[in-house]
$ cat protein.cif   # mmCIF, C-alpha atoms and all ligand atoms
data_my_file
#
loop_
_atom_site.label_atom_id
_atom_site.label_comp_id
_atom_site.auth_asym_id
_atom_site.auth_seq_id
_atom_site.Cartn_x
_atom_site.Cartn_y
_atom_site.Cartn_z
CA MET D 81 0.00 0.00 0.00
CA GLU D 82 3.02 2.26 -0.11
CA SER D 83 2.54 4.70 -2.87
CA ARG D 84 4.39 7.82 -3.75
CA ALA D 85 1.26 9.80 -3.11
CA SER D 86 0.85 8.55 0.45
CA ARG D 87 4.49 9.18 1.20
CA SER D 88 4.47 12.75 0.07
CA PHE D 89 1.18 13.32 1.83
CA PHE D 90 2.57 12.06 5.10
CA ASP D 91 5.67 14.15 4.72
CA ILE D 92 3.44 17.18 4.48
CA LEU D 93 1.28 15.87 7.27
CA ALA D 94 4.22 15.17 9.55
CA VAL D 95 5.39 18.75 9.16
CA LEU D 96 1.92 20.05 9.69
CA LEU D 97 1.33 17.94 12.77
CA MET D 98 4.64 19.13 14.16
CA LEU D 99 3.60 22.69 13.57
CA LEU D 100 0.32 22.10 15.27
CA GLY D 101 1.98 20.29 18.11
CA ILE D 102 -0.10 17.15 17.88
CA GLY D 103 2.74 14.73 18.44
CA ALA D 104 1.51 11.40 19.63
CA PRO D 105 -1.97 10.70 18.30
CA ILE D 106 -1.00 11.23 14.68
CA GLY D 107 -4.01 9.38 13.39
CA LEU D 108 -2.63 5.97 14.22
CA ARG D 109 -5.90 4.35 13.33
CA LEU D 110 -5.32 5.48 9.77
CA PHE D 111 -2.66 2.95 9.20
CA ASN D 112 -3.58 -0.44 7.93
CA SER D 113 -0.35 -2.10 8.83
CA ILE D 114 2.04 -2.09 11.70
CA LYS D 115 4.76 -1.28 9.21
CA ASP D 116 3.11 2.00 8.37
CA THR D 117 2.77 2.75 12.05
CA THR D 118 6.41 1.94 12.69
CA ASP D 119 7.38 4.14 9.80
CA LEU D 120 5.40 7.00 11.15
CA LEU D 121 6.75 6.57 14.64
CA GLY D 122 10.26 6.60 13.22
CA ARG D 123 9.60 9.83 11.44
CA ALA D 124 7.76 11.34 14.36
CA ALA D 125 10.56 10.31 16.75
CA SER D 126 13.00 12.19 14.61
CA VAL D 127 11.08 15.35 15.35
CA ASP D 128 12.16 15.19 18.94
CA ARG D 129 9.33 13.62 20.87
CA SER D 130 9.85 11.20 23.66
CA ALA D 131 9.44 7.56 22.65
CA GLU D 132 7.15 6.92 25.57
CA GLN D 133 4.74 9.58 24.44
CA LEU D 134 4.77 8.21 20.92
CA LEU D 135 4.20 4.63 21.94
CA ASP D 136 1.27 5.45 24.11
CA PRO D 137 -1.46 5.11 21.45
CA ILE D 138 -0.15 1.84 20.09
CA PRO D 139 -2.00 -0.52 22.45
CA ALA D 140 -5.28 0.79 21.08
CA VAL D 141 -4.11 -0.09 17.60
CA LEU D 142 -2.71 -3.50 18.41
CA SER D 143 -5.14 -4.65 21.05
CA GLY D 144 -6.98 -7.04 18.77
CA PHE D 145 -9.89 -4.87 17.72
CA PRO D 146 -10.50 -5.28 14.03
CA LEU D 147 -8.96 -2.27 12.39
CA SER D 148 -12.00 -0.90 10.67
CA PRO D 149 -10.81 2.09 8.72
CA TRP D 150 -12.31 5.48 9.18
CA ARG D 151 -15.05 6.38 6.77
CA VAL D 152 -15.43 9.89 5.44
CA GLY D 153 -17.95 11.46 3.06
CA ILE D 154 -16.70 14.25 0.81
CA GLN D 155 -19.47 16.10 -0.96
CA ALA D 156 -18.71 18.14 -4.06
CA GLY D 157 -21.24 20.94 -3.65
CA HIS D 158 -23.85 21.24 -6.46
CA TRP D 159 -22.43 18.23 -8.31
CA LYS D 160 -25.26 16.51 -10.22
CA ILE D 161 -27.68 18.93 -8.57
CA GLU D 162 -30.19 18.23 -11.33
CA GLU D 163 -30.46 14.66 -10.02
CA LEU D 164 -31.76 15.72 -6.59
CA PRO D 165 -34.77 13.62 -5.56
CA GLU D 166 -38.33 14.87 -5.60
CA GLU D 167 -38.26 16.10 -1.98
CA LEU D 168 -35.44 18.50 -2.93
CA ARG D 169 -36.66 19.45 -6.37
CA ARG D 170 -36.79 23.16 -5.59
CA LEU D 171 -32.98 23.05 -5.21
CA ARG D 172 -32.35 21.44 -8.60
CA SER D 173 -31.71 24.86 -10.11
CA SER D 174 -29.15 25.71 -7.42
CA THR D 175 -26.16 25.29 -9.72
CA GLY D 176 -23.74 27.32 -7.60
CA ALA D 177 -21.83 30.57 -7.83
CA ARG D 178 -20.09 31.66 -10.99
CA TYR D 179 -17.97 34.48 -12.33
CA GLY D 180 -17.58 34.60 -16.09
CA SER D 181 -16.38 31.18 -17.11
CA TYR D 182 -15.37 30.30 -13.52
CA ARG D 183 -17.92 27.99 -11.99
CA GLU D 184 -18.07 27.03 -8.34
CA ILE D 185 -19.07 23.49 -9.25
CA ASP D 186 -15.83 22.94 -11.19
CA ALA D 187 -13.69 24.06 -8.24
CA ASN D 188 -15.78 22.03 -5.78
CA LEU D 189 -15.45 18.84 -7.79
CA ASP D 190 -11.77 19.26 -8.56
CA VAL D 191 -10.86 19.91 -4.94
CA ALA D 192 -13.19 17.18 -3.66
CA ARG D 193 -11.59 14.58 -5.94
CA ARG D 194 -8.14 15.55 -4.70
CA VAL D 195 -9.23 15.37 -1.07
CA VAL D 196 -10.54 11.87 -1.77
CA GLU D 197 -7.15 10.84 -3.20
CA TYR D 198 -5.29 12.11 -0.15
CA LEU D 199 -7.62 10.37 2.25
CA LEU D 200 -7.52 7.08 0.32
CA ALA D 201 -3.73 7.24 0.37
CA ALA D 202 -3.98 7.51 4.16
CA GLY D 203 -6.02 4.30 4.33
CA ILE D 204 -9.32 6.04 4.95
CA GLN D 205 -12.51 4.80 3.29
CA VAL D 206 -14.02 7.65 1.33
CA ASP D 207 -17.31 8.29 -0.42
CA LEU D 208 -17.26 11.03 -3.01
CA LEU D 209 -20.81 12.30 -2.82
CA PRO D 210 -22.83 14.39 -5.25
CA ALA D 211 -25.50 16.88 -4.17
CA THR D 212 -27.76 13.96 -3.30
CA VAL D 213 -26.73 12.40 0.01
CA PRO D 214 -27.75 8.78 0.69
CA PRO D 215 -30.62 8.75 3.24
CA GLY D 216 -29.32 8.65 6.81
CA TYR D 217 -25.68 8.73 5.69
CA ARG D 218 -23.35 7.57 8.45
CA ALA D 219 -19.63 8.27 8.55
CA ASP D 220 -16.87 9.41 10.88
CA ALA D 221 -16.96 12.77 9.12
CA PHE D 222 -18.92 14.50 6.37
CA VAL D 223 -17.43 17.53 4.65
CA SER D 224 -19.36 19.49 2.05
CA ILE D 225 -17.17 21.56 -0.24
CA HIS D 226 -18.42 24.83 -1.74
CA ALA D 227 -17.22 28.21 -2.88
CA ASP D 228 -19.14 31.42 -2.42
CA GLY D 229 -20.09 34.27 -4.71
CA ALA D 230 -20.76 37.88 -3.69
CA TYR D 231 -20.21 41.39 -4.95
CA ARG D 232 -19.96 43.22 -1.65
CA PRO D 233 -16.83 45.40 -1.67
CA GLY D 234 -13.92 44.04 0.31
CA VAL D 235 -15.42 40.61 0.73
CA ARG D 236 -12.87 37.77 0.80
CA GLY D 237 -11.87 34.41 2.13
CA TRP D 238 -13.21 31.19 3.55
CA LYS D 239 -15.80 30.32 6.13
CA MET D 240 -17.03 27.05 7.53
CA SER D 241 -19.75 25.93 9.82
CA THR D 242 -21.38 22.97 11.51
CA PRO D 243 -25.08 22.14 11.22
CA TRP D 244 -27.34 24.24 13.45
CA ARG D 245 -27.82 21.46 15.89
CA SER D 246 -24.37 20.02 16.08
CA SER D 247 -22.57 17.49 18.20
CA ALA D 248 -19.35 18.15 20.06
CA ALA D 249 -17.71 16.02 17.35
CA SER D 250 -18.91 18.39 14.61
CA ARG D 251 -17.40 21.28 16.57
CA MET D 252 -14.13 19.37 16.87
CA LEU D 253 -14.12 18.76 13.12
CA LEU D 254 -14.70 22.47 12.58
CA ASP D 255 -11.91 23.45 14.98
CA ALA D 256 -9.48 21.10 13.24
CA MET D 257 -10.34 22.46 9.80
CA VAL D 258 -10.16 26.06 10.94
CA ARG D 259 -6.54 25.39 11.93
CA THR D 260 -5.33 23.55 8.84
CA TYR D 261 -7.18 25.24 5.98
CA PRO D 262 -5.72 28.74 6.28
CA LEU D 263 -2.28 27.31 6.99
CA PHE D 264 -2.21 25.56 3.62
CA THR D 265 -4.11 28.08 1.54
CA GLY D 266 -3.03 31.35 3.11
CA LEU D 267 -6.58 32.60 2.62
CA PRO D 268 -8.14 34.95 5.19
CA GLU D 269 -11.33 34.13 7.05
CA ASP D 270 -14.62 35.73 6.07
CA ARG D 271 -15.20 36.14 9.76
CA TYR D 272 -18.71 37.56 9.71
CA GLY D 273 -20.04 35.86 6.63
CA THR D 274 -21.61 32.65 7.90
CA THR D 275 -25.23 32.53 6.81
CA TYR D 276 -28.36 30.89 8.07
CA ASN D 277 -28.42 28.85 4.87
CA MET D 278 -25.01 27.34 5.54
CA ARG D 279 -26.05 26.24 9.00
CA GLY D 280 -29.37 24.92 7.75
CA TYR D 281 -27.83 23.20 4.70
CA TYR D 282 -30.30 20.68 3.29
CA ALA D 283 -27.88 17.76 3.61
CA PHE D 284 -27.61 18.56 7.35
CA SER D 285 -31.36 18.40 7.85
CA PRO D 286 -32.60 14.84 8.45
CA HIS D 287 -35.66 16.27 10.23
CA ARG D 288 -36.74 17.85 6.94
CA PHE D 289 -35.34 15.57 4.26
CA ARG D 290 -34.79 11.86 3.88
CA HIS D 291 -31.71 12.48 1.74
CA ALA D 292 -29.60 13.92 4.53
CA ILE D 293 -26.85 12.74 6.83
CA ASP D 294 -27.60 10.95 10.06
CA ARG D 295 -27.54 13.39 12.98
CA ARG D 296 -24.66 11.47 14.55
CA THR D 297 -22.40 12.04 11.54
CA PRO D 298 -19.98 14.84 12.42
CA ALA D 299 -20.32 17.40 9.65
CA ILE D 300 -19.16 20.74 8.34
CA ILE D 301 -19.71 22.80 5.23
CA ILE D 302 -16.77 24.76 3.81
CA GLU D 303 -16.94 27.79 1.59
CA MET D 304 -13.38 27.73 0.23
CA GLY D 305 -13.45 31.38 -0.78
CA PHE D 306 -15.20 33.59 -3.32
CA VAL D 307 -15.48 32.67 -6.99
CA THR D 308 -16.14 36.37 -7.56
CA VAL D 309 -12.84 37.52 -6.02
CA ALA D 310 -9.65 37.22 -8.10
CA GLN D 311 -7.29 36.59 -5.17
CA ASP D 312 -9.50 33.78 -3.88
CA ARG D 313 -9.93 32.24 -7.33
CA GLU D 314 -6.17 32.18 -7.72
CA VAL D 315 -6.04 29.75 -4.84
CA PHE D 316 -8.77 27.25 -5.53
CA PHE D 317 -8.63 27.33 -9.34
CA ALA D 318 -4.86 27.66 -9.75
CA ALA D 319 -3.70 25.66 -6.71
CA PRO D 320 -6.50 23.18 -6.03
CA ASP D 321 -4.05 20.64 -4.66
CA THR D 322 -2.98 22.97 -1.87
CA VAL D 323 -6.61 23.54 -0.99
CA ALA D 324 -7.24 19.79 -0.99
CA GLN D 325 -4.26 19.22 1.29
CA GLY D 326 -5.58 21.81 3.71
CA ILE D 327 -8.95 20.07 3.82
CA ALA D 328 -7.52 16.53 4.02
CA ALA D 329 -5.17 17.59 6.80
CA GLY D 330 -8.10 19.05 8.74
CA ILE D 331 -9.99 15.77 8.46
CA VAL D 332 -6.98 13.72 9.52
CA ARG D 333 -6.32 16.06 12.40
CA TYR D 334 -9.89 15.61 13.56
CA LEU D 335 -9.92 11.83 13.15
CA SER D 336 -6.66 11.44 15.01
CA ARG D 337 -8.15 13.17 18.03
CA HIS D 338 -11.61 11.68 18.00
CA ASP D 339 -12.41 8.48 19.87
CA PRO D 340 -14.66 6.46 17.53
CA LEU D 341 -16.29 4.73 20.51
CA ASP D 342 -17.30 7.98 22.18
CA GLN D 343 -21.05 8.05 21.61
CA ALA D 344 -21.52 11.19 23.70
CA ALA D 345 -19.30 13.18 21.35
CA VAL D 346 -21.46 12.41 18.32
CA ALA D 347 -24.80 12.90 20.07
CA VAL D 348 -26.72 16.06 19.24
CA ARG D 349 -27.88 17.72 22.42
CA SER D 350 -31.14 19.58 22.64
CA TYR D 351 -31.70 22.58 24.85
CA PRO D 352 -34.82 24.15 26.29
CA VAL D 353 -36.02 27.52 25.02
CA MET D 354 -34.43 30.36 27.00
CA ARG D 355 -35.23 33.98 27.74
CA VAL D 356 -33.09 37.07 28.06
CA ALA D 357 -32.82 37.62 31.81
CA SER D 358 -30.93 40.91 31.81
CA GLU D 359 -32.54 44.22 30.87
CA GLN D 360 -30.63 44.09 27.62
CA ALA D 361 -28.09 41.57 26.37
CA GLU D 362 -25.57 41.38 23.57
CA LEU D 363 -25.74 38.95 20.70
CA THR D 364 -22.17 38.50 19.40
CA PHE D 365 -20.63 36.89 16.32
CA HIS D 366 -18.24 34.72 18.30
CA PRO D 367 -18.14 33.22 21.79
CA GLU D 368 -15.45 35.49 23.16
CA GLU D 369 -15.04 38.72 25.09
CA ASN D 370 -14.79 41.79 22.83
CA ALA D 371 -16.32 39.86 19.92
CA ARG D 372 -18.16 41.99 17.40
CA VAL D 373 -21.74 42.66 18.49
CA ALA D 374 -24.41 41.38 16.11
CA GLY D 375 -27.25 43.04 17.99
CA ARG D 376 -28.85 43.71 21.35
CA LEU D 377 -31.81 41.83 22.72
CA GLU D 378 -34.38 43.25 25.14
CA GLY D 379 -35.10 41.52 28.41
CA GLY D 380 -37.74 38.80 28.00
CA THR D 381 -36.83 38.00 24.38
CA LEU D 382 -37.08 34.28 23.72
CA VAL D 383 -34.20 32.46 22.08
CA ARG D 384 -33.61 28.92 20.86
CA PRO D 385 -30.24 27.61 22.06
CA VAL D 386 -28.40 25.30 19.66
CA TYR D 387 -25.11 24.88 21.47
CA GLN D 388 -23.54 25.69 24.78
CA GLU D 389 -19.91 25.79 25.85
CA ASN D 390 -17.66 27.60 28.29
CA GLY D 391 -20.29 29.99 29.58
CA TRP D 392 -21.53 30.88 26.10
CA VAL D 393 -24.75 29.85 24.39
CA GLU D 394 -25.29 29.93 20.64
CA VAL D 395 -28.87 30.97 19.92
CA ILE D 396 -31.39 31.75 17.23
CA VAL D 397 -33.78 34.53 18.15
CA TRP D 398 -37.29 33.16 18.47
CA GLY D 399 -39.49 34.12 15.52
CA ASN D 400 -36.60 35.72 13.63
CA TYR D 401 -34.39 32.98 12.33
CA ARG D 402 -32.07 35.36 10.52
CA ARG D 403 -30.89 36.72 13.86
CA PHE D 404 -28.44 34.37 15.49
CA GLY D 405 -25.20 34.48 17.40
CA TRP D 406 -23.67 33.91 20.82
CA MET D 407 -24.85 35.10 24.20
CA ARG D 408 -23.39 34.89 27.66
CA GLU D 409 -25.02 32.15 29.69
CA ALA D 410 -25.40 34.65 32.55
CA ASP D 411 -27.71 36.78 30.38
CA LEU D 412 -30.17 33.93 29.90
CA GLU D 413 -32.68 31.99 31.98
CA ILE D 414 -35.08 29.15 31.39
CA PRO D 415 -38.65 30.53 31.60
CA GLY D 416 -40.43 29.07 34.58
CA GLY D 417 -37.32 27.13 35.48
CA SER D 418 -34.77 27.64 38.19
CA SER D 419 -32.25 28.78 35.51
ZN ZN D 501 -22.27 26.26 -3.18
#
$ encode --input "protein.cif" --output "structure tokens" --more "lines below"
Ligand SMILES: [Zn+2]
Amino acid sequence: MESRASRSFFDILAVLLMLLGIGAPIGLRLFNSIKDTTDLLGRAASVDRSAEQLLDPIPAVLSGFPLSPWRVGIQAGHWKIEELPEELRRLRSSTGARYGSYREIDANLDVARRVVEYLLAAGIQVDLLPATVPPGYRADAFVSIHADGAYRPGVRGWKMSTPWRSSAASRMLLDAMVRTYPLFTGLPEDRYGTTYNMRGYYAFSPHRFRHAIDRRTPAIIIEMGFVTVAQDREVFFAAPDTVAQGIAAGIVRYLSRHDPLDQAAVAVRSYPVMRVASEQAELTFHPEENARVAGRLEGGTLVRPVYQENGWVEVIVWGNYRRFGWMREADLEIPGGSS
């Protein structure tokens, strides 16, 4: 199974993982043979890690569990969109962004195919998926690849998001990708550009459509950049392989850190409706102090929480689904509850 492609990929990966300081859990489950693992350990050891630390994950690999490879779904956005089933027929005309002869679909498919090659070379099972997702699709990760189009002045760069109601695993996949993608592509983040439509992507919506992923499948959607912006196009049309490496590395980074037996990580939590407890509270773009403010909500306003972490709650404003963002947990209460 040693191919030139897998070697060069792992050379890149080894450097990347070093940069990111991953060290030990370098996706050991990815390797089908002990030889590959030994190889990797040799290379990793040469980057000045203690042997003990490196050997730590081996028992999990060698303990007699069948080594079922990871399975990943890579969706080329808009590909074969005209073949969407009846339930999604209104989206059949959604052929993607374009700028002159540059079509989003071409970039999506080219990059997706390259990502598939990199993952296969790493011993991962991969499904290259068109716009139509198999009903209840299950995998260790699902990544939908798109590019955006817009004519707002100054607009640039990538953005990615999880489904609205996402598991901790989806968030981990997002975090991993947010680290690798810009490192490979050099593209800036479109930090305030995430839309309601990305979060509510049809393939993420098993409660609305049969042809959607299973809720337990960790998932993200990536907008690689803007088809309408020359500097962005230069990256994903002229250097699609770099883009594919950035995406493949993000997936591998995620898989190497995710315990496949951890059912809690892939479970989607649901939260009760909450109410703004303070007189007025901020809705911010990101869960951090000094984040840009997306709006202010009056006391008593109802919100639908979709995720909660570290004292922050991501919410959609009740009755106004285009208003969403993060709020401090301390600004919210459960109506009629004890908080
Ligand atoms: Zn698209």
$ closest_residue --input "protein.cif" --among "D:Ala201, D:Ala256, D:Met304, D:Val206" --to "ligand ZN 501 (chain D)" --atoms "only C-alpha atoms and all ligand atoms"
D:Met304
$ residues_near_ligand --input "protein.cif" --ligand "ligand ZN 501 (chain D)" --cutoff "12 Å" --atoms "all atoms listed in the file" --output "PyMOL selection string"
chain D and resi 155-159+161+171+173-178+183-189+211+224-230+240+277-278+281-282+301-307
$ closest_atom_pairs --input "protein.cif" --of "range 178-294 of chain D" --to "range 379-386 of chain D" --cutoff "10 Å" --atoms "all atoms listed in the file" --output "JSON lines"
{"residue": "D:Pro243", "atom": "CA", "partner": "D:Val386", "partner_atom": "CA", "distance": 9.6}
{"residue": "D:Trp244", "atom": "CA", "partner": "D:Val386", "partner_atom": "CA", "distance": 6.4}
{"residue": "D:Arg245", "atom": "CA", "partner": "D:Val386", "partner_atom": "CA", "distance": 5.4}
{"residue": "D:Ser246", "atom": "CA", "partner": "D:Val386", "partner_atom": "CA", "distance": 7.5}
{"residue": "D:Ser247", "atom": "CA", "partner": "D:Val386", "partner_atom": "CA", "distance": 9.9}
$ write_last_selection --input "protein.cif" --atoms "C-alpha atoms" --output "mmCIF file, keeping the file's coordinate frame"
data_model
loop_
_atom_site.group_PDB
_atom_site.id
_atom_site.type_symbol
_atom_site.label_atom_id
_atom_site.label_comp_id
_atom_site.auth_asym_id
_atom_site.auth_seq_id
_atom_site.Cartn_x
_atom_site.Cartn_y
_atom_site.Cartn_z
ATOM 1 C CA PRO D 243 -25.080 22.140 11.220
ATOM 2 C CA TRP D 244 -27.340 24.240 13.450
ATOM 3 C CA ARG D 245 -27.820 21.460 15.890
ATOM 4 C CA SER D 246 -24.370 20.020 16.080
ATOM 5 C CA SER D 247 -22.570 17.490 18.200
#
$ residues_near_point --input "protein.cif" --point "(-22.8, 19.3, 13.1)" --cutoff "10 Å" --atoms "only C-alpha atoms" --output "ChimeraX atom specification"
/D:221-222,241-254,279,284,293,295-301,346-348
$ write_last_selection --input "protein.cif" --atoms "C-alpha atoms" --output "mmCIF file, in the coordinates of the input"
data_model
loop_
_atom_site.group_PDB
_atom_site.id
_atom_site.type_symbol
_atom_site.label_atom_id
_atom_site.label_comp_id
_atom_site.auth_asym_id
_atom_site.auth_seq_id
_atom_site.Cartn_x
_atom_site.Cartn_y
_atom_site.Cartn_z
ATOM 1 C CA ALA D 221 -16.960 12.770 9.120
ATOM 2 C CA PHE D 222 -18.920 14.500 6.370
ATOM 3 C CA SER D 241 -19.750 25.930 9.820
ATOM 4 C CA THR D 242 -21.380 22.970 11.510
ATOM 5 C CA PRO D 243 -25.080 22.140 11.220
ATOM 6 C CA TRP D 244 -27.340 24.240 13.450
ATOM 7 C CA ARG D 245 -27.820 21.460 15.890
ATOM 8 C CA SER D 246 -24.370 20.020 16.080
ATOM 9 C CA SER D 247 -22.570 17.490 18.200
ATOM 10 C CA ALA D 248 -19.350 18.150 20.060
ATOM 11 C CA ALA D 249 -17.710 16.020 17.350
ATOM 12 C CA SER D 250 -18.910 18.390 14.610
ATOM 13 C CA ARG D 251 -17.400 21.280 16.570
ATOM 14 C CA MET D 252 -14.130 19.370 16.870
ATOM 15 C CA LEU D 253 -14.120 18.760 13.120
ATOM 16 C CA LEU D 254 -14.700 22.470 12.580
ATOM 17 C CA ARG D 279 -26.050 26.240 9.000
ATOM 18 C CA PHE D 284 -27.610 18.560 7.350
ATOM 19 C CA ILE D 293 -26.850 12.740 6.830
ATOM 20 C CA ARG D 295 -27.540 13.390 12.980
ATOM 21 C CA ARG D 296 -24.660 11.470 14.550
ATOM 22 C CA THR D 297 -22.400 12.040 11.540
ATOM 23 C CA PRO D 298 -19.980 14.840 12.420
ATOM 24 C CA ALA D 299 -20.320 17.400 9.650
ATOM 25 C CA ILE D 300 -19.160 20.740 8.340
ATOM 26 C CA ILE D 301 -19.710 22.800 5.230
ATOM 27 C CA VAL D 346 -21.460 12.410 18.320
ATOM 28 C CA ALA D 347 -24.800 12.900 20.070
ATOM 29 C CA VAL D 348 -26.720 16.060 19.240
#
$ atom_distance --input "protein.cif" --atom1 "CA of Pro367 in chain D" --atom2 "CA of Phe404 in chain D"
12.1 Å
$ atom_distance --input "protein.cif" --atom1 "CA of Val223 in chain D" --atom2 "CA of Tyr272 in chain D"
20.7 Å
$ closest_residue --input "protein.cif" --among "D:Arg408, D:Arg218, D:His338, D:Lys239" --to "Glu389 in chain D" --atoms "all atoms listed in the file"
D:Arg408
$ atom_distance --input "protein.cif" --atom1 "CA of Asn390 in chain D" --atom2 "CA of Gly237 in chain D"
27.6 Å
$ closest_residue --input "protein.cif" --among "D:Met407, D:Leu412, D:Met257, D:Ala202" --to "Ser358 in chain D" --atoms "all atoms listed in the file"
D:Leu412
$ closest_residue --input "protein.cif" --among "D:Ala410, D:Ile331, D:Leu164, D:Ala324" --to "Glu362 in chain D" --atoms "only C-alpha atoms"
D:Ala410
$ closest_residue --input "protein.cif" --among "D:Pro268, D:Pro262, D:Pro149, D:Pro214" --to "His291 in chain D" --atoms "only C-alpha atoms"
D:Pro214
$ build_atoms --input "protein.cif" --residues "range 372-387 of chain D" --atoms "N, CA and C atoms" --output "compact mmCIF listing (two decimals), in the frame of the given file"
# COMPACT_ATOMS: atom_id res chain seq x y z
N ARG D 372 -17.31 40.99 18.02
CA ARG D 372 -18.16 41.99 17.40
C ARG D 372 -19.63 41.71 17.76
N VAL D 373 -20.34 42.79 18.06
CA VAL D 373 -21.74 42.66 18.49
C VAL D 373 -22.66 42.60 17.27
N ALA D 374 -23.49 41.55 17.23
CA ALA D 374 -24.41 41.38 16.11
C ALA D 374 -25.74 42.08 16.38
N GLY D 375 -26.01 42.37 17.65
CA GLY D 375 -27.25 43.04 17.99
C GLY D 375 -27.47 43.01 19.49
N ARG D 376 -28.52 43.73 19.92
CA ARG D 376 -28.85 43.71 21.35
C ARG D 376 -30.28 43.24 21.52
N LEU D 377 -30.48 42.39 22.51
CA LEU D 377 -31.81 41.83 22.72
C LEU D 377 -32.39 42.36 24.03
N GLU D 378 -33.68 42.74 23.96
CA GLU D 378 -34.38 43.25 25.14
C GLU D 378 -34.64 42.12 26.12
N GLY D 379 -34.73 42.49 27.39
CA GLY D 379 -35.10 41.52 28.41
C GLY D 379 -36.41 40.83 28.04
N GLY D 380 -36.51 39.54 28.29
CA GLY D 380 -37.74 38.80 28.00
C GLY D 380 -37.77 38.17 26.62
N THR D 381 -36.86 38.59 25.73
CA THR D 381 -36.83 38.00 24.38
C THR D 381 -36.55 36.50 24.47
N LEU D 382 -37.30 35.72 23.72
CA LEU D 382 -37.08 34.28 23.72
C LEU D 382 -36.05 33.89 22.67
N VAL D 383 -35.20 32.95 23.02
CA VAL D 383 -34.20 32.46 22.08
C VAL D 383 -34.15 30.94 22.10
N ARG D 384 -33.73 30.38 20.96
CA ARG D 384 -33.61 28.92 20.86
C ARG D 384 -32.12 28.57 20.90
N PRO D 385 -31.65 27.99 21.99
CA PRO D 385 -30.24 27.61 22.06
C PRO D 385 -29.95 26.41 21.15
N VAL D 386 -28.80 26.45 20.48
CA VAL D 386 -28.40 25.30 19.66
C VAL D 386 -27.09 24.68 20.14
N TYR D 387 -26.37 25.43 20.96
CA TYR D 387 -25.11 24.88 21.47
C TYR D 387 -24.67 25.70 22.67
